[in-house]
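Participant: This is the structure I have questions about; it appears just below.
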Amino acid sequence: MLDMRGERTAPVLCPFCRTEVPRPQELEGLWYEFDGGQCPRCGASFAVDPTARNGGAVITQALVQACGGDWDKALGLAVETDFEEAYLTHYDSYSHRLKATAFGTMYFIRLRPEA
Ligand SMILES: [Zn+2]
């Protein structure tokens, strides 16, 4: 697992498939407030909370991203049944690495195939 002692850093890996994910980008869309992106391998959507204070809003955004911007669909989904969620703490948005002293959080959402 990740060793958080000292100033060692680690790459940002998708919690579902362990693939390195690209740096979050500003997203097209009226209400997308946080930077985000998609895992190149398993398609999980992610969004970044740079302050660790926005949790719920960031998870909701990642879920709407996973639904292609469809709010109604996103709000009708249930965790565990329709999608899986995971998060990474200690995210440093300057270096796009995980770092002991960083306090950003990345939230990941992956829809189940039947959703
Ligand atoms: Zn993935």
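Here, A, B, ... name the chains of the structure tokens in the order displayed, residue numbers run from 1 inside each chain, and ligands are numbered from 1 in the same displayed order.
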Residues at most 9 Å from ligand 1, using only C-alpha atoms and all ligand atoms? Could they come as a list in words?
Facilitator: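 Those residues are Leu13, Cys14, Pro15, Phe16, Cys17, Arg18, Thr19, Glu20, Val21, Gln38, Cys39, Pro40, Arg41, Cys42, Gly43, Ala44, Ser45, Phe108 and Arg110 of chain A.
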Participant: Write out as a list in words all residues of segment 12-67 of chain A that backbone DSSP assigns to helix (DSSP H, G or I).
Facilitator: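 These are the residues in question: Gly55, Gly56, Ala57, Val58, Ile59, Thr60, Gln61, Ala62, Leu63, Val64, Gln65 and Ala66 of chain A.
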Participant: Using only C-alpha atoms, I'd like a table of the residues in segment 75-106 of chain A that come within 9 Å of segment 48-53 of chain A; for each, show the closest atom pair and its distance in Å rounded to one decimal, ordered by chain and ascending number, as a Markdown table.
Facilitator:
| residue | atom | partner | partner_atom | distance |
| --- | --- | --- | --- | --- |
| A:Thr89 | CA | A:Ala52 | CA | 8.7 |
| A:Tyr91 | CA | A:Pro50 | CA | 7.8 |
| A:Asp92 | CA | A:Pro50 | CA | 7.9 |
| A:Ser93 | CA | A:Pro50 | CA | 7.1 |
| A:Phe103 | CA | A:Ala52 | CA | 6.4 |
| A:Gly104 | CA | A:Pro50 | CA | 4.3 |
| A:Thr105 | CA | A:Asp49 | CA | 5.1 |
| A:Met106 | CA | A:Val48 | CA | 4.4 |
Participant: Emit the selected residues as a compact mmCIF listing (two decimals), in the first residue's frame, including N, CA, C and O atoms.
Facilitator:
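What follows is the written file part_21.txt:
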# COMPACT_ATOMS: atom_id res chain seq x y z
N THR A 89 -7.33 9.88 -0.99
CA THR A 89 -7.00 11.08 -0.22
C THR A 89 -5.55 11.47 -0.50
O THR A 89 -4.83 10.76 -1.20
N TYR A 91 -4.43 13.88 -2.31
CA TYR A 91 -4.18 14.22 -3.71
C TYR A 91 -3.62 15.64 -3.81
O TYR A 91 -4.17 16.58 -3.25
N ASP A 92 -2.51 15.75 -4.52
CA ASP A 92 -1.88 17.05 -4.75
C ASP A 92 -2.13 17.46 -6.20
O ASP A 92 -1.60 16.86 -7.13
N SER A 93 -2.93 18.52 -6.38
CA SER A 93 -3.31 18.87 -7.74
C SER A 93 -2.20 19.60 -8.49
O SER A 93 -2.25 19.69 -9.71
N PHE A 103 -3.93 17.56 0.79
CA PHE A 103 -5.21 17.22 1.40
C PHE A 103 -6.38 17.26 0.42
O PHE A 103 -7.54 17.38 0.82
N GLY A 104 -6.10 17.16 -0.86
CA GLY A 104 -7.19 17.04 -1.82
C GLY A 104 -7.75 15.61 -1.81
O GLY A 104 -7.09 14.69 -1.33
N THR A 105 -8.95 15.47 -2.31
CA THR A 105 -9.56 14.14 -2.41
C THR A 105 -10.09 13.94 -3.82
O THR A 105 -10.70 14.85 -4.39
N MET A 106 -9.86 12.76 -4.38
CA MET A 106 -10.42 12.41 -5.68
C MET A 106 -11.50 11.37 -5.47
O MET A 106 -11.25 10.33 -4.86
Participant: Pick the closest to Tyr94 of chain A from A:Gly29, A:Gly69, A:Gly76, A:Pro24: which is it, counting only C-alpha atoms?
Facilitator: A:Pro24
Participant: So what do you get for atom CA of Gln25 of chain A versus atom CA of Leu63 of chain A, distance-wise?
Facilitator: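 Atom CA of Leu63 of chain A lies 16.2 Å from atom CA of Gln25 of chain A.
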Participant: Excluding Trp31 of chain A and its own-chain neighbours fewer than 6 positions away, which residues fall within 12 Å of it when counting only C-alpha atoms? Please give them as JSON, numbers by chain.
Facilitator: {"A": [57, 58, 60, 61, 62, 64, 65, 69, 70, 71]}
Participant: Write the residues of the preceding selection, restricted to all heavy atoms, as a compact mmCIF listing (two decimals), in the first residue's frame.
Facilitator:
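Generated file (out.txt):
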# COMPACT_ATOMS: atom_id res chain seq x y z
N ALA A 57 -20.85 17.20 -2.84
CA ALA A 57 -21.04 17.85 -4.14
C ALA A 57 -20.12 17.24 -5.19
O ALA A 57 -20.50 17.10 -6.36
CB ALA A 57 -20.77 19.35 -4.02
N VAL A 58 -18.93 16.86 -4.79
CA VAL A 58 -17.97 16.29 -5.73
C VAL A 58 -18.39 14.88 -6.14
O VAL A 58 -18.31 14.50 -7.30
CB VAL A 58 -16.54 16.30 -5.14
CG1 VAL A 58 -15.55 15.80 -6.17
CG2 VAL A 58 -16.18 17.69 -4.68
N THR A 60 -21.46 13.80 -6.19
CA THR A 60 -22.61 13.97 -7.08
C THR A 60 -22.15 14.34 -8.48
O THR A 60 -22.66 13.81 -9.47
CB THR A 60 -23.55 15.07 -6.53
OG1 THR A 60 -23.93 14.71 -5.21
CG2 THR A 60 -24.80 15.19 -7.39
N GLN A 61 -21.17 15.22 -8.56
CA GLN A 61 -20.67 15.59 -9.89
C GLN A 61 -20.09 14.38 -10.62
O GLN A 61 -20.36 14.17 -11.80
CB GLN A 61 -19.62 16.70 -9.79
CG GLN A 61 -19.07 17.02 -11.19
CD GLN A 61 -18.01 18.09 -11.20
OE1 GLN A 61 -18.18 19.13 -10.57
NE2 GLN A 61 -16.92 17.83 -11.91
N ALA A 62 -19.28 13.58 -9.92
CA ALA A 62 -18.67 12.40 -10.55
C ALA A 62 -19.76 11.44 -11.05
O ALA A 62 -19.63 10.82 -12.10
CB ALA A 62 -17.73 11.70 -9.58
N VAL A 64 -22.86 12.31 -11.97
CA VAL A 64 -23.49 12.89 -13.16
C VAL A 64 -22.56 12.74 -14.38
O VAL A 64 -23.02 12.44 -15.48
CB VAL A 64 -23.88 14.37 -12.92
CG1 VAL A 64 -24.44 14.99 -14.19
CG2 VAL A 64 -24.91 14.47 -11.80
N GLN A 65 -21.25 12.91 -14.17
CA GLN A 65 -20.30 12.66 -15.26
C GLN A 65 -20.45 11.24 -15.78
O GLN A 65 -20.46 11.00 -16.99
CB GLN A 65 -18.85 12.82 -14.76
CG GLN A 65 -18.41 14.24 -14.52
CD GLN A 65 -17.08 14.27 -13.75
OE1 GLN A 65 -16.96 14.99 -12.77
NE2 GLN A 65 -16.09 13.51 -14.17
N GLY A 69 -23.88 13.37 -17.99
CA GLY A 69 -24.51 14.66 -17.76
C GLY A 69 -26.01 14.57 -17.47
O GLY A 69 -26.67 15.59 -17.34
N ASP A 70 -26.52 13.36 -17.37
CA ASP A 70 -27.96 13.16 -17.14
C ASP A 70 -28.26 13.16 -15.64
O ASP A 70 -28.12 12.17 -14.95
CB ASP A 70 -28.38 11.82 -17.78
CG ASP A 70 -29.89 11.61 -17.73
OD1 ASP A 70 -30.56 12.22 -16.88
OD2 ASP A 70 -30.38 10.81 -18.54
N TRP A 71 -28.69 14.31 -15.16
CA TRP A 71 -29.01 14.50 -13.74
C TRP A 71 -30.06 13.52 -13.26
O TRP A 71 -29.97 12.94 -12.19
CB TRP A 71 -29.61 15.90 -13.54
CG TRP A 71 -28.69 16.89 -12.93
CD1 TRP A 71 -28.08 17.93 -13.58
CD2 TRP A 71 -28.30 16.98 -11.56
NE1 TRP A 71 -27.33 18.64 -12.67
CE2 TRP A 71 -27.44 18.08 -11.44
CE3 TRP A 71 -28.59 16.20 -10.42
CZ2 TRP A 71 -26.87 18.45 -10.23
CZ3 TRP A 71 -28.02 16.58 -9.21
CH2 TRP A 71 -27.16 17.69 -9.12
Participant: Write out as a PyMOL selection string all residues of segment 7-105 of chain A that backbone DSSP assigns to strand (DSSP E).
Facilitator: chain A and resi 9-10+36-38+45-49+83-92+97-99+104-105
Participant: Store the residues of this selection in a file with N, CA and C atoms, as an mmCIF file, in the first residue's frame.
Facilitator:
data_model
loop_
_atom_site.group_PDB
_atom_site.id
_atom_site.type_symbol
_atom_site.label_atom_id
_atom_site.label_comp_id
_atom_site.auth_asym_id
_atom_site.auth_seq_id
_atom_site.Cartn_x
_atom_site.Cartn_y
_atom_site.Cartn_z
ATOM 1 N N THR A 9 6.093 10.427 -2.848
ATOM 2 C CA THR A 9 4.841 10.608 -3.573
ATOM 3 C C THR A 9 4.530 9.328 -4.340
ATOM 4 N N ALA A 10 3.308 9.225 -4.792
ATOM 5 C CA ALA A 10 2.890 8.049 -5.533
ATOM 6 C C ALA A 10 2.015 8.495 -6.690
ATOM 7 N N GLY A 36 -12.260 17.241 -13.394
ATOM 8 C CA GLY A 36 -12.496 15.805 -13.367
ATOM 9 C C GLY A 36 -12.014 15.135 -14.633
ATOM 10 N N GLY A 37 -12.364 13.862 -14.782
ATOM 11 C CA GLY A 37 -11.940 13.109 -15.947
ATOM 12 C C GLY A 37 -12.450 11.691 -15.877
ATOM 13 N N GLN A 38 -11.790 10.844 -16.648
ATOM 14 C CA GLN A 38 -12.253 9.465 -16.783
ATOM 15 C C GLN A 38 -11.063 8.520 -16.819
ATOM 16 N N SER A 45 -15.546 7.463 -13.736
ATOM 17 C CA SER A 45 -15.487 8.922 -13.745
ATOM 18 C C SER A 45 -14.900 9.398 -12.424
ATOM 19 N N PHE A 46 -14.166 10.489 -12.477
ATOM 20 C CA PHE A 46 -13.651 11.030 -11.221
ATOM 21 C C PHE A 46 -13.732 12.546 -11.223
ATOM 22 N N ALA A 47 -13.779 13.094 -10.018
ATOM 23 C CA ALA A 47 -13.774 14.534 -9.827
ATOM 24 C C ALA A 47 -12.949 14.823 -8.582
ATOM 25 N N VAL A 48 -12.366 16.001 -8.543
ATOM 26 C CA VAL A 48 -11.413 16.348 -7.491
ATOM 27 C C VAL A 48 -11.966 17.425 -6.571
ATOM 28 N N ASP A 49 -11.850 17.164 -5.298
ATOM 29 C CA ASP A 49 -12.141 18.171 -4.293
ATOM 30 C C ASP A 49 -10.806 18.686 -3.756
ATOM 31 N N PHE A 83 -23.971 1.531 -8.894
ATOM 32 C CA PHE A 83 -22.601 2.011 -9.112
ATOM 33 C C PHE A 83 -21.753 1.752 -7.876
ATOM 34 N N GLU A 84 -20.446 1.825 -8.104
ATOM 35 C CA GLU A 84 -19.489 1.697 -7.007
ATOM 36 C C GLU A 84 -18.801 3.034 -6.828
ATOM 37 N N GLU A 85 -18.475 3.383 -5.598
ATOM 38 C CA GLU A 85 -17.730 4.609 -5.381
ATOM 39 C C GLU A 85 -16.481 4.320 -4.570
ATOM 40 N N ALA A 86 -15.463 5.138 -4.811
ATOM 41 C CA ALA A 86 -14.195 4.986 -4.106
ATOM 42 C C ALA A 86 -13.537 6.354 -4.100
ATOM 43 N N TYR A 87 -12.570 6.532 -3.225
ATOM 44 C CA TYR A 87 -11.885 7.812 -3.226
ATOM 45 C C TYR A 87 -10.420 7.652 -2.841
ATOM 46 N N LEU A 88 -9.652 8.640 -3.229
ATOM 47 C CA LEU A 88 -8.234 8.703 -2.881
ATOM 48 C C LEU A 88 -8.005 9.987 -2.103
ATOM 49 N N THR A 89 -7.334 9.879 -0.987
ATOM 50 C CA THR A 89 -7.000 11.076 -0.217
ATOM 51 C C THR A 89 -5.546 11.468 -0.505
ATOM 52 N N HIS A 90 -5.115 12.578 0.047
ATOM 53 C CA HIS A 90 -3.735 13.072 -0.128
ATOM 54 C C HIS A 90 -3.427 13.393 -1.584
ATOM 55 N N TYR A 91 -4.429 13.875 -2.309
ATOM 56 C CA TYR A 91 -4.175 14.220 -3.709
ATOM 57 C C TYR A 91 -3.617 15.641 -3.810
ATOM 58 N N ASP A 92 -2.509 15.754 -4.524
ATOM 59 C CA ASP A 92 -1.880 17.047 -4.749
ATOM 60 C C ASP A 92 -2.130 17.465 -6.196
ATOM 61 N N ARG A 97 0.051 14.033 -8.095
ATOM 62 C CA ARG A 97 0.580 12.863 -7.399
ATOM 63 C C ARG A 97 -0.122 12.758 -6.046
ATOM 64 N N LEU A 98 -0.033 11.592 -5.431
ATOM 65 C CA LEU A 98 -0.457 11.468 -4.044
ATOM 66 C C LEU A 98 0.750 11.775 -3.175
ATOM 67 N N LYS A 99 0.507 12.586 -2.155
ATOM 68 C CA LYS A 99 1.616 13.151 -1.387
ATOM 69 C C LYS A 99 1.155 13.305 0.066
ATOM 70 N N GLY A 104 -6.104 17.164 -0.861
ATOM 71 C CA GLY A 104 -7.193 17.038 -1.821
ATOM 72 C C GLY A 104 -7.746 15.612 -1.805
ATOM 73 N N THR A 105 -8.955 15.467 -2.311
ATOM 74 C CA THR A 105 -9.558 14.140 -2.407
ATOM 75 C C THR A 105 -10.094 13.945 -3.819
#
Participant: How many Å separate atom CA of Asp35 of chain A from atom CA of Ile59 of chain A?
Facilitator: 12.0 Å
Participant: Just give me the gap between atom CA of His96 of chain A and atom CA of Pro11 of chain A in Å, one decimal is fine.
Facilitator: 7.6 Å
